[in-house]
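Report on the structure given below.
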Amino acid sequence: MALIRQLFSKAVFSTIISKSLTRSNKLVKPVFLLRNTSTSQPLLEKKEVRVTFVRASGERIEAKGKVGDSLLDVVVNNEIDLSGFGACEGTLTCSTCHLILKPEDYDRLTEKPTDEEMDMLDLAYELTDTSRLGCQIILNEDLDGLEVKVPATINDARAD
């Protein structure tokens, strides 16, 4: 891509120079060529956040996600085997990524559940006052060390 951009810039520059020279004897460098530009996104170092998933059996699975990832992203990116988890891929049409948080962790979440999320949670098994869908919990630095319980069974609301 950089080579194409470089070749395109040279071709455009050559055309502009030749047109500039035919209009006058004075060569003026176009403004867009005076500054360096980039069309790619800068690489940002995102802070990692530690998350522990606790199965109903008590098995603890420690993983890391990046700020801005959802808990569903953490499960997928770390290839954590939670059977059926996130079946709708975060489109808020199932309840398979149902997780249970400790009350103090639930209170730390910056985003409160939407009506759509609450509707999906109503269909989840083992529902509690601190239940959330993992696809709707977005990691931030304050959630470092978060621990969530994975219910023993899941209910795919799309199957009803």
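Ordering of the structure tokens sets the chain letters (A, B, ...), residue numbers begin anew at 1 in every chain, and ligands are numbered from 1 in the order given.
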
Exercise. Can you tell me, as a PyMOL selection string, what residues are no more than 10 Å from region 93-101 of chain A when counting only C-alpha atoms, ignoring any on the same chain fewer than 3 positions away?
Worked result: chain A and resi 53-54+71-72+75+82-90+104-107+116-137+146-151+153-160

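For the pair CA of Gly68 (chain A) and CA of Val51 (chain A), the separation is 13.4 Å.
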
For this session: Identify, with DSSP run on backbone atoms, the residues in region 68-110 of chain A assigned to helix (DSSP H, G or I), and express the list as a ChimeraX atom specification.
Result: /A:71-77,103-108

Take the residues from that selection and write them out as a compact mmCIF listing (two decimals), in the first residue's frame, keeping N, CA, C and O atoms.
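Produced file result_2.txt, reproduced below:
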```txt
# COMPACT_ATOMS: atom_id res chain seq x y z
N LEU A 71 -15.89 -8.72 27.26
CA LEU A 71 -15.54 -10.01 27.86
C LEU A 71 -15.71 -11.14 26.85
O LEU A 71 -15.00 -12.13 26.91
N LEU A 72 -16.61 -10.98 25.91
CA LEU A 72 -16.73 -11.95 24.82
C LEU A 72 -15.45 -11.98 24.00
O LEU A 72 -14.95 -13.05 23.65
N ASP A 73 -14.88 -10.82 23.71
CA ASP A 73 -13.60 -10.74 22.98
C ASP A 73 -12.50 -11.47 23.74
O ASP A 73 -11.68 -12.15 23.15
N VAL A 74 -12.50 -11.32 25.05
CA VAL A 74 -11.47 -11.96 25.88
C VAL A 74 -11.57 -13.48 25.75
O VAL A 74 -10.57 -14.17 25.56
N VAL A 75 -12.79 -14.00 25.81
CA VAL A 75 -13.00 -15.45 25.68
C VAL A 75 -12.53 -15.92 24.30
O VAL A 75 -11.79 -16.90 24.18
N VAL A 76 -12.93 -15.22 23.27
CA VAL A 76 -12.57 -15.61 21.90
C VAL A 76 -11.07 -15.47 21.65
O VAL A 76 -10.42 -16.39 21.15
N ASN A 77 -10.51 -14.33 22.00
CA ASN A 77 -9.09 -14.06 21.72
C ASN A 77 -8.14 -14.97 22.50
O ASN A 77 -7.03 -15.23 22.06
N PRO A 103 -21.04 -8.23 43.58
CA PRO A 103 -21.72 -6.92 43.68
C PRO A 103 -20.77 -5.72 43.55
O PRO A 103 -21.10 -4.75 42.86
N GLU A 104 -19.59 -5.82 44.17
CA GLU A 104 -18.66 -4.68 44.08
C GLU A 104 -18.12 -4.50 42.66
O GLU A 104 -17.87 -3.37 42.23
N ASP A 105 -17.95 -5.59 41.93
CA ASP A 105 -17.51 -5.49 40.54
C ASP A 105 -18.63 -4.98 39.64
O ASP A 105 -18.40 -4.18 38.72
N TYR A 106 -19.83 -5.44 39.90
CA TYR A 106 -20.99 -4.97 39.15
C TYR A 106 -21.11 -3.45 39.28
O TYR A 106 -21.38 -2.75 38.29
N ASP A 107 -20.89 -2.94 40.47
CA ASP A 107 -20.99 -1.49 40.72
C ASP A 107 -19.88 -0.71 40.03
O ASP A 107 -20.02 0.48 39.78
N ARG A 108 -18.75 -1.37 39.74
CA ARG A 108 -17.62 -0.69 39.07
C ARG A 108 -17.85 -0.50 37.57
O ARG A 108 -17.13 0.26 36.94
```

Write out as a PDB file with N, CA, C and O atoms, in the first residue's frame each polymer residue whose atoms come within 10 Å of Lys66 (chain A), counting only C-alpha atoms; drop sequence neighbours fewer than 3 positions from it.
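Output file selection_1.pdb follows:
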```
ATOM      1  N   GLU A  45      -0.603   1.469  22.014  1.00  0.00           N
ATOM      2  CA  GLU A  45      -0.347   0.472  23.048  1.00  0.00           C
ATOM      3  C   GLU A  45      -1.521   0.523  24.011  1.00  0.00           C
ATOM      4  O   GLU A  45      -1.665   1.470  24.773  1.00  0.00           O
ATOM      5  N   LYS A  46      -2.375  -0.478  23.943  1.00  0.00           N
ATOM      6  CA  LYS A  46      -3.508  -0.530  24.852  1.00  0.00           C
ATOM      7  C   LYS A  46      -3.127  -1.329  26.083  1.00  0.00           C
ATOM      8  O   LYS A  46      -2.490  -2.364  25.986  1.00  0.00           O
ATOM      9  N   LYS A  47      -3.526  -0.832  27.214  1.00  0.00           N
ATOM     10  CA  LYS A  47      -3.224  -1.497  28.474  1.00  0.00           C
ATOM     11  C   LYS A  47      -3.986  -2.814  28.557  1.00  0.00           C
ATOM     12  O   LYS A  47      -5.127  -2.919  28.138  1.00  0.00           O
ATOM     13  N   GLU A  48      -3.317  -3.811  29.113  1.00  0.00           N
ATOM     14  CA  GLU A  48      -3.955  -5.107  29.309  1.00  0.00           C
ATOM     15  C   GLU A  48      -4.684  -5.127  30.650  1.00  0.00           C
ATOM     16  O   GLU A  48      -4.243  -4.525  31.618  1.00  0.00           O
ATOM     17  N   VAL A  49      -5.798  -5.832  30.643  1.00  0.00           N
ATOM     18  CA  VAL A  49      -6.633  -5.966  31.834  1.00  0.00           C
ATOM     19  C   VAL A  49      -6.754  -7.457  32.144  1.00  0.00           C
ATOM     20  O   VAL A  49      -7.047  -8.258  31.255  1.00  0.00           O
ATOM     21  N   ARG A  50      -6.516  -7.834  33.392  1.00  0.00           N
ATOM     22  CA  ARG A  50      -6.614  -9.236  33.810  1.00  0.00           C
ATOM     23  C   ARG A  50      -8.058  -9.563  34.181  1.00  0.00           C
ATOM     24  O   ARG A  50      -8.718  -8.784  34.872  1.00  0.00           O
ATOM     25  N   ASP A  69     -11.852  -4.009  24.783  1.00  0.00           N
ATOM     26  CA  ASP A  69     -12.387  -5.328  24.442  1.00  0.00           C
ATOM     27  C   ASP A  69     -13.598  -5.628  25.315  1.00  0.00           C
ATOM     28  O   ASP A  69     -13.686  -5.163  26.453  1.00  0.00           O
ATOM     29  N   SER A  70     -14.505  -6.443  24.800  1.00  0.00           N
ATOM     30  CA  SER A  70     -15.605  -6.945  25.626  1.00  0.00           C
ATOM     31  C   SER A  70     -15.144  -8.248  26.273  1.00  0.00           C
ATOM     32  O   SER A  70     -14.137  -8.837  25.853  1.00  0.00           O
ATOM     33  N   LEU A  71     -15.885  -8.722  27.256  1.00  0.00           N
ATOM     34  CA  LEU A  71     -15.536 -10.009  27.863  1.00  0.00           C
ATOM     35  C   LEU A  71     -15.711 -11.136  26.849  1.00  0.00           C
ATOM     36  O   LEU A  71     -14.998 -12.134  26.907  1.00  0.00           O
ATOM     37  N   ASP A  73     -14.879 -10.816  23.707  1.00  0.00           N
ATOM     38  CA  ASP A  73     -13.604 -10.741  22.978  1.00  0.00           C
ATOM     39  C   ASP A  73     -12.502 -11.468  23.745  1.00  0.00           C
ATOM     40  O   ASP A  73     -11.677 -12.151  23.147  1.00  0.00           O
ATOM     41  N   VAL A  74     -12.495 -11.318  25.051  1.00  0.00           N
ATOM     42  CA  VAL A  74     -11.465 -11.965  25.877  1.00  0.00           C
ATOM     43  C   VAL A  74     -11.574 -13.483  25.746  1.00  0.00           C
ATOM     44  O   VAL A  74     -10.567 -14.167  25.563  1.00  0.00           O
ATOM     45  N   ILE A 138     -17.504  -3.844  28.573  1.00  0.00           N
ATOM     46  CA  ILE A 138     -16.313  -3.357  27.893  1.00  0.00           C
ATOM     47  C   ILE A 138     -15.234  -3.063  28.937  1.00  0.00           C
ATOM     48  O   ILE A 138     -15.478  -2.355  29.909  1.00  0.00           O
ATOM     49  N   LEU A 139     -14.053  -3.627  28.704  1.00  0.00           N
ATOM     50  CA  LEU A 139     -12.959  -3.479  29.665  1.00  0.00           C
ATOM     51  C   LEU A 139     -12.397  -2.073  29.689  1.00  0.00           C
ATOM     52  O   LEU A 139     -12.235  -1.433  28.649  1.00  0.00           O
ATOM     53  N   ASN A 140     -12.102  -1.619  30.891  1.00  0.00           N
ATOM     54  CA  ASN A 140     -11.343  -0.386  31.089  1.00  0.00           C
ATOM     55  C   ASN A 140     -10.321  -0.667  32.188  1.00  0.00           C
ATOM     56  O   ASN A 140     -10.343  -1.730  32.802  1.00  0.00           O
ATOM     57  N   GLU A 141      -9.419   0.253  32.417  1.00  0.00           N
ATOM     58  CA  GLU A 141      -8.335   0.030  33.382  1.00  0.00           C
ATOM     59  C   GLU A 141      -8.852  -0.242  34.785  1.00  0.00           C
ATOM     60  O   GLU A 141      -8.221  -0.972  35.552  1.00  0.00           O
ATOM     61  N   ASP A 144      -9.310  -4.002  35.967  1.00  0.00           N
ATOM     62  CA  ASP A 144      -8.183  -4.929  36.084  1.00  0.00           C
ATOM     63  C   ASP A 144      -8.378  -5.810  37.316  1.00  0.00           C
ATOM     64  O   ASP A 144      -8.670  -5.326  38.403  1.00  0.00           O
TER      65      ASP A 144
END
```

For this session: Quote the spacing between CA of Asp115 (chain A) and CA of Ala63 (chain A) in Å to one decimal place.
Result: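 One can read the CA of Asp115 (chain A) to CA of Ala63 (chain A) distance as 29.0 Å.
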